[in-house]
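Notes follow the structure.
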Amino acid sequence: MSEPHPLRQAEQARLNAFFLPDLCNARAVLILLAVSEALVLALSLLEMGLDNFSWPRFSILSFFVQWVCLLSVAALCQSRHWLLRLHESAAALLALLVIMLVTLLVSVTGELLWPLAEGRIDWQWVLRNIIVSLIFGAMAMRYFYVRSQWRQKTQAELKARLAALQANIRPHFFFNTLNTVASLIVVDPDKAERLLLDLAQLFRVVLKNDDSLIPLAQEIELGRQYLAIEQVRLGEQRLRVQWQLPADLPALTVPQLILQPLLENAVYHGIQPGIEGGYIRIQLQPEGERWRLSIINSRAHSGSTPGNQMAHDNIRARLAVLGQQAGLQLDASAAEYQAHLLLPAAVTEAKES
């Protein structure tokens, strides 16, 4: 898969951080139409009351507001990249100006086409429409700004959790692996070389400090490399790995390093404490409209230690970007510990740039 161009990445990052959302998709348009329709209904009830409610007047008002809403959304959609170059306050003021201008054009056009107006324009009615659109447009801009700040804060917290998790991965795993390599250099130099290559590949990803989505097949390959390193360190008889995956992996994308912390917990808290060792079984099965990726490990009868709750919280938070169907389920018994990653089937592999 080709690497995205740095300039394109930077522009996409700025767009994601911009307070004005992407209004060029059907979902955003439908939400705005539904909100505007509810607004028209509320204003109609306030103006006419329930007893004197007039469906014809409500229909006319609804038709007018929907035109203002659709044209404003279209104008803001097309000007979003240009607004991105401005300061947030200037962009918000210009967006309000666009909404007011659209309201003016729709109001004047409606007056000229309305048969009862006889070609005259009621400028008081037009001014009232502009003021109403200004008020609700300002409320919308404020909502978008607060929502953007909340989203950036959440993303910053997720990045901090990822950095903390990566810092937790590096020290003990790195030095344990280097000790294993040092012991193998004389005995089996070929195996020591393969171990270093796997370690280099794994740490290239860890040190990248990136929380982007990657193909599931790539994440599973990182898991294989990690377990291969641990098998060399602990011995293949002490750490037995079973991969139960479909012949063709589904084209899903997952947050980077979502599997490795669960495998690390399985090794350090399930297998390593027991002298006799144990097994780790990785399964991938379809489950309705999503896939279940299970990491199941045996538990030592003595000396087992609790898992890393920080890793579990981190994984749950990072899975939230995949939608409500994504999640992490944990199940423990005296013999086994199970961690299940629930991955929505709708999250398909990212397109190549």
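Naming works like this for the structure tokens: A, B, ... for the chains as they're shown, residue 1 at the start of each chain, ligands 1 onward in shown order.
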Show which residues sit within 10 Å of Ala75 in chain A, as a PDB file with N, CA, C and O atoms, in the first residue's frame. Count only C-alpha atoms, and ignore same-chain residues fewer than 4 positions away.
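And here's selection36.pdb as it stands now:
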```pdb
ATOM      1  N   LEU A  23     -20.044  19.135   5.217  1.00  0.00           N
ATOM      2  CA  LEU A  23     -21.475  19.158   4.891  1.00  0.00           C
ATOM      3  C   LEU A  23     -21.755  18.586   3.506  1.00  0.00           C
ATOM      4  O   LEU A  23     -22.868  18.723   2.994  1.00  0.00           O
ATOM      5  N   CYS A  24     -20.742  17.935   2.919  1.00  0.00           N
ATOM      6  CA  CYS A  24     -20.905  17.392   1.562  1.00  0.00           C
ATOM      7  C   CYS A  24     -21.309  15.924   1.569  1.00  0.00           C
ATOM      8  O   CYS A  24     -20.972  15.182   0.658  1.00  0.00           O
ATOM      9  N   CYS A  69     -31.952  26.252   3.883  1.00  0.00           N
ATOM     10  CA  CYS A  69     -31.045  25.267   4.483  1.00  0.00           C
ATOM     11  C   CYS A  69     -30.218  24.562   3.412  1.00  0.00           C
ATOM     12  O   CYS A  69     -28.990  24.455   3.525  1.00  0.00           O
ATOM     13  N   LEU A  70     -30.870  24.079   2.342  1.00  0.00           N
ATOM     14  CA  LEU A  70     -30.163  23.340   1.290  1.00  0.00           C
ATOM     15  C   LEU A  70     -29.145  24.211   0.565  1.00  0.00           C
ATOM     16  O   LEU A  70     -28.005  23.783   0.327  1.00  0.00           O
ATOM     17  N   LEU A  71     -29.533  25.420   0.228  1.00  0.00           N
ATOM     18  CA  LEU A  71     -28.607  26.303  -0.477  1.00  0.00           C
ATOM     19  C   LEU A  71     -27.447  26.739   0.421  1.00  0.00           C
ATOM     20  O   LEU A  71     -26.307  26.881  -0.045  1.00  0.00           O
ATOM     21  N   SER A  79     -17.303  25.971  -0.093  1.00  0.00           N
ATOM     22  CA  SER A  79     -16.337  26.978   0.376  1.00  0.00           C
ATOM     23  C   SER A  79     -15.533  26.508   1.583  1.00  0.00           C
ATOM     24  O   SER A  79     -14.736  27.286   2.119  1.00  0.00           O
ATOM     25  N   ARG A  80     -15.699  25.252   2.011  1.00  0.00           N
ATOM     26  CA  ARG A  80     -15.039  24.783   3.240  1.00  0.00           C
ATOM     27  C   ARG A  80     -13.513  24.834   3.114  1.00  0.00           C
ATOM     28  O   ARG A  80     -12.820  25.258   4.043  1.00  0.00           O
ATOM     29  N   ALA A  95     -19.043  32.463   7.221  1.00  0.00           N
ATOM     30  CA  ALA A  95     -20.085  31.448   7.060  1.00  0.00           C
ATOM     31  C   ALA A  95     -21.458  32.026   7.393  1.00  0.00           C
ATOM     32  O   ALA A  95     -22.451  31.757   6.700  1.00  0.00           O
ATOM     33  N   VAL A  98     -22.578  34.116   4.525  1.00  0.00           N
ATOM     34  CA  VAL A  98     -23.094  33.282   3.441  1.00  0.00           C
ATOM     35  C   VAL A  98     -24.540  32.874   3.712  1.00  0.00           C
ATOM     36  O   VAL A  98     -25.403  32.939   2.827  1.00  0.00           O
ATOM     37  N   ILE A  99     -24.818  32.474   4.950  1.00  0.00           N
ATOM     38  CA  ILE A  99     -26.174  32.063   5.313  1.00  0.00           C
ATOM     39  C   ILE A  99     -27.151  33.244   5.168  1.00  0.00           C
ATOM     40  O   ILE A  99     -28.266  33.090   4.642  1.00  0.00           O
ATOM     41  N   VAL A 102     -27.785  33.930   1.458  1.00  0.00           N
ATOM     42  CA  VAL A 102     -28.710  32.935   0.903  1.00  0.00           C
ATOM     43  C   VAL A 102     -30.132  33.238   1.339  1.00  0.00           C
ATOM     44  O   VAL A 102     -31.082  33.162   0.536  1.00  0.00           O
TER      45      VAL A 102
END
```
Quiz item: Rounded to one decimal in Å, what is the spacing between CA of Glu111 in chain A and CA of Phe64 in chain A?
Solution: 11.0 Å
Self-check item: CA of Gly288 in chain A to CA of Leu263 in chain A, straight-line distance in Å
Solution: 25.1 Å
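Counting only C-alpha atoms, range 342-345 of chain A has the following residues at most 8 Å away, ignoring those fewer than 6 positions along the same chain: Leu252, Val254, Glu289, Arg290, Trp291, Arg292, Leu293, Leu322, Gly323, Gln325, Ala326, Gly327, Leu328 and Gln329 of chain A.
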Quiz prompt | All residues 10 Å or closer to range 26-34 of chain A, only C-alpha atoms, same chain fewer than 2 positions away omitted, as a PyMOL selection string | solution = chain A and resi 21-24+36-40+62+65-67+69-70+73-74
Selection to disk with all heavy atoms, as a compact mmCIF listing (two decimals), in the first residue's frame:
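And here is the file that came out, out-v5.txt:
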```
# COMPACT_ATOMS: atom_id res chain seq x y z
N PRO A 21 -17.96 21.26 10.13
CA PRO A 21 -17.95 19.86 9.68
C PRO A 21 -18.11 19.75 8.17
O PRO A 21 -18.47 20.71 7.49
CB PRO A 21 -19.15 19.24 10.41
CG PRO A 21 -20.07 20.39 10.64
CD PRO A 21 -19.19 21.59 10.86
N ASP A 22 -17.84 18.57 7.67
CA ASP A 22 -18.01 18.30 6.25
C ASP A 22 -19.51 18.17 5.94
O ASP A 22 -20.17 17.22 6.36
CB ASP A 22 -17.29 16.99 5.88
CG ASP A 22 -17.40 16.68 4.39
OD1 ASP A 22 -17.80 17.58 3.63
OD2 ASP A 22 -17.09 15.54 4.00
N LEU A 23 -20.04 19.14 5.22
CA LEU A 23 -21.47 19.16 4.89
C LEU A 23 -21.75 18.59 3.51
O LEU A 23 -22.87 18.72 2.99
CB LEU A 23 -22.00 20.59 4.97
CG LEU A 23 -21.85 21.28 6.34
CD1 LEU A 23 -22.29 22.73 6.25
CD2 LEU A 23 -22.64 20.55 7.40
N CYS A 24 -20.74 17.93 2.92
CA CYS A 24 -20.90 17.39 1.56
C CYS A 24 -21.31 15.92 1.57
O CYS A 24 -20.97 15.18 0.66
CB CYS A 24 -19.60 17.55 0.77
SG CYS A 24 -19.05 19.26 0.61
N SER A 36 -34.05 21.54 10.86
CA SER A 36 -34.74 22.73 10.36
C SER A 36 -36.25 22.50 10.32
O SER A 36 -37.04 23.41 10.61
CB SER A 36 -34.23 23.09 8.98
OG SER A 36 -34.50 22.06 8.05
N GLU A 37 -36.67 21.29 9.98
CA GLU A 37 -38.11 20.99 9.97
C GLU A 37 -38.70 21.07 11.38
O GLU A 37 -39.80 21.58 11.60
CB GLU A 37 -38.33 19.60 9.38
CG GLU A 37 -39.75 19.31 8.97
CD GLU A 37 -40.20 20.16 7.79
OE1 GLU A 37 -39.33 20.67 7.04
OE2 GLU A 37 -41.42 20.33 7.63
N ALA A 38 -37.94 20.57 12.36
CA ALA A 38 -38.39 20.66 13.75
C ALA A 38 -38.46 22.12 14.19
O ALA A 38 -39.37 22.53 14.94
CB ALA A 38 -37.45 19.87 14.66
N LEU A 39 -37.51 22.93 13.73
CA LEU A 39 -37.51 24.36 14.05
C LEU A 39 -38.75 25.05 13.46
O LEU A 39 -39.40 25.86 14.13
CB LEU A 39 -36.24 25.01 13.50
CG LEU A 39 -36.15 26.53 13.58
CD1 LEU A 39 -36.19 26.99 15.03
CD2 LEU A 39 -34.89 27.03 12.88
N VAL A 40 -39.08 24.73 12.21
CA VAL A 40 -40.26 25.32 11.58
C VAL A 40 -41.53 24.94 12.35
O VAL A 40 -42.41 25.78 12.58
CB VAL A 40 -40.37 24.86 10.11
CG1 VAL A 40 -41.69 25.31 9.50
CG2 VAL A 40 -39.21 25.41 9.31
N SER A 62 -42.19 25.71 5.72
CA SER A 62 -41.26 24.58 5.61
C SER A 62 -40.53 24.61 4.27
O SER A 62 -39.31 24.39 4.21
CB SER A 62 -42.02 23.27 5.78
OG SER A 62 -41.16 22.17 5.61
N VAL A 65 -37.88 27.43 4.41
CA VAL A 65 -36.74 27.12 5.28
C VAL A 65 -35.87 26.03 4.66
O VAL A 65 -34.63 26.08 4.74
CB VAL A 65 -37.22 26.72 6.69
CG1 VAL A 65 -36.07 26.19 7.52
CG2 VAL A 65 -37.86 27.92 7.37
N GLN A 66 -36.49 25.03 4.03
CA GLN A 66 -35.70 23.96 3.43
C GLN A 66 -34.84 24.47 2.30
O GLN A 66 -33.69 24.03 2.11
CB GLN A 66 -36.64 22.84 2.92
CG GLN A 66 -37.47 22.14 4.00
CD GLN A 66 -36.60 21.39 5.00
OE1 GLN A 66 -35.37 21.41 4.91
NE2 GLN A 66 -37.22 20.77 5.98
N TRP A 67 -35.37 25.42 1.50
CA TRP A 67 -34.57 26.01 0.44
C TRP A 67 -33.38 26.78 1.02
O TRP A 67 -32.25 26.68 0.51
CB TRP A 67 -35.43 26.92 -0.43
CG TRP A 67 -36.01 26.23 -1.61
CD1 TRP A 67 -37.30 25.85 -1.80
CD2 TRP A 67 -35.30 25.82 -2.78
NE1 TRP A 67 -37.45 25.22 -3.02
CE2 TRP A 67 -36.23 25.20 -3.65
CE3 TRP A 67 -33.96 25.92 -3.19
CZ2 TRP A 67 -35.87 24.67 -4.88
CZ3 TRP A 67 -33.61 25.40 -4.43
CH2 TRP A 67 -34.56 24.79 -5.26
N CYS A 69 -31.95 26.25 3.88
CA CYS A 69 -31.05 25.27 4.48
C CYS A 69 -30.22 24.56 3.41
O CYS A 69 -28.99 24.45 3.53
CB CYS A 69 -31.85 24.26 5.30
SG CYS A 69 -30.84 23.03 6.15
N LEU A 70 -30.87 24.08 2.34
CA LEU A 70 -30.16 23.34 1.29
C LEU A 70 -29.15 24.21 0.57
O LEU A 70 -28.00 23.78 0.33
CB LEU A 70 -31.17 22.76 0.30
CG LEU A 70 -31.99 21.56 0.78
CD1 LEU A 70 -33.07 21.21 -0.23
CD2 LEU A 70 -31.08 20.37 1.03
N VAL A 73 -26.19 24.96 2.94
CA VAL A 73 -25.32 23.78 3.06
C VAL A 73 -24.46 23.63 1.81
O VAL A 73 -23.25 23.35 1.89
CB VAL A 73 -26.16 22.51 3.31
CG1 VAL A 73 -25.32 21.26 3.11
CG2 VAL A 73 -26.74 22.54 4.72
N ALA A 74 -25.07 23.80 0.63
CA ALA A 74 -24.31 23.68 -0.62
C ALA A 74 -23.21 24.73 -0.70
O ALA A 74 -22.07 24.43 -1.10
CB ALA A 74 -25.27 23.80 -1.81
```
Exercise. Tell me, as a PyMOL selection string, which residues lie within 10 Å of Val108 in chain A, counting only C-alpha atoms; anything in the same chain fewer than 3 positions away does not count.
Key: chain A and resi 102-105+111-114+120-123+125-126
Go ahead and save the residues from that selection, with N, CA, C and O atoms, as a compact mmCIF listing (two decimals), in the first residue's frame.
```txt
# COMPACT_ATOMS: atom_id res chain seq x y z
N VAL A 102 -27.78 33.93 1.46
CA VAL A 102 -28.71 32.93 0.90
C VAL A 102 -30.13 33.24 1.34
O VAL A 102 -31.08 33.16 0.54
N THR A 103 -30.31 33.60 2.61
CA THR A 103 -31.64 33.95 3.10
C THR A 103 -32.21 35.15 2.36
O THR A 103 -33.40 35.19 2.01
N LEU A 104 -31.37 36.15 2.11
CA LEU A 104 -31.80 37.32 1.36
C LEU A 104 -32.26 36.95 -0.05
O LEU A 104 -33.33 37.37 -0.50
N LEU A 105 -31.47 36.13 -0.74
CA LEU A 105 -31.81 35.75 -2.11
C LEU A 105 -33.10 34.93 -2.17
O LEU A 105 -33.96 35.17 -3.02
N GLU A 111 -40.65 36.49 -2.68
CA GLU A 111 -41.55 37.63 -2.76
C GLU A 111 -41.91 37.95 -4.21
O GLU A 111 -43.07 38.25 -4.53
N LEU A 112 -40.92 37.86 -5.10
CA LEU A 112 -41.19 38.18 -6.50
C LEU A 112 -42.06 37.13 -7.18
O LEU A 112 -42.83 37.44 -8.10
N LEU A 113 -41.94 35.87 -6.74
CA LEU A 113 -42.71 34.79 -7.35
C LEU A 113 -44.05 34.56 -6.67
O LEU A 113 -44.88 33.83 -7.21
N TRP A 114 -44.24 35.17 -5.49
CA TRP A 114 -45.49 34.94 -4.76
C TRP A 114 -46.62 35.74 -5.42
O TRP A 114 -46.52 36.95 -5.57
N ARG A 120 -44.31 43.30 -5.42
CA ARG A 120 -43.73 44.16 -4.39
C ARG A 120 -42.96 43.31 -3.38
O ARG A 120 -43.33 42.17 -3.10
N ILE A 121 -41.93 43.89 -2.82
CA ILE A 121 -41.10 43.18 -1.84
C ILE A 121 -41.35 43.76 -0.45
O ILE A 121 -41.21 44.97 -0.25
N ASP A 122 -41.72 42.91 0.46
CA ASP A 122 -41.91 43.32 1.86
C ASP A 122 -40.54 43.25 2.55
O ASP A 122 -40.14 42.19 3.06
N TRP A 123 -39.84 44.38 2.53
CA TRP A 123 -38.47 44.38 3.08
C TRP A 123 -38.46 44.14 4.58
O TRP A 123 -37.45 43.63 5.10
N TRP A 125 -40.34 41.92 6.09
CA TRP A 125 -40.38 40.46 6.20
C TRP A 125 -39.02 39.86 5.83
O TRP A 125 -38.54 38.91 6.47
N VAL A 126 -38.38 40.42 4.81
CA VAL A 126 -37.05 39.95 4.40
C VAL A 126 -36.04 40.16 5.51
O VAL A 126 -35.23 39.28 5.82
```
Quiz item: So which residues touch Gln244 in chain A within 9 Å, counting only C-alpha atoms, skipping near sequence neighbours fewer than 2 positions away, as a list in words?
Solution: Gln242, Pro246, Arg281, Ile282, Gln283, Leu284 and Gln285 of chain A
Export, as a JSON list (two decimals), in the first residue's frame, the selected residues with N, CA and C atoms.
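Output file again_22.json is given in full below:
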```
[["chain", "number", "residue", "atom", "x", "y", "z"],
["A", 242, "GLN", "N", -1.68, -20.99, 18.63],
["A", 242, "GLN", "CA", -2.62, -21.58, 17.67],
["A", 242, "GLN", "C", -3.34, -20.45, 16.93],
["A", 246, "PRO", "N", -9.58, -17.50, 9.02],
["A", 246, "PRO", "CA", -10.09, -17.91, 7.70],
["A", 246, "PRO", "C", -9.00, -17.80, 6.65],
["A", 281, "ARG", "N", -4.50, -18.91, 21.82],
["A", 281, "ARG", "CA", -5.27, -19.24, 20.62],
["A", 281, "ARG", "C", -5.90, -17.96, 20.08],
["A", 282, "ILE", "N", -5.66, -17.69, 18.81],
["A", 282, "ILE", "CA", -6.22, -16.49, 18.17],
["A", 282, "ILE", "C", -7.24, -16.96, 17.13],
["A", 283, "GLN", "N", -8.48, -16.53, 17.28],
["A", 283, "GLN", "CA", -9.57, -16.95, 16.40],
["A", 283, "GLN", "C", -10.21, -15.72, 15.77],
["A", 284, "LEU", "N", -10.65, -15.87, 14.52],
["A", 284, "LEU", "CA", -11.40, -14.83, 13.83],
["A", 284, "LEU", "C", -12.63, -15.47, 13.21],
["A", 285, "GLN", "N", -13.81, -15.02, 13.66],
["A", 285, "GLN", "CA", -15.05, -15.61, 13.20],
["A", 285, "GLN", "C", -16.07, -14.51, 12.88]]
```
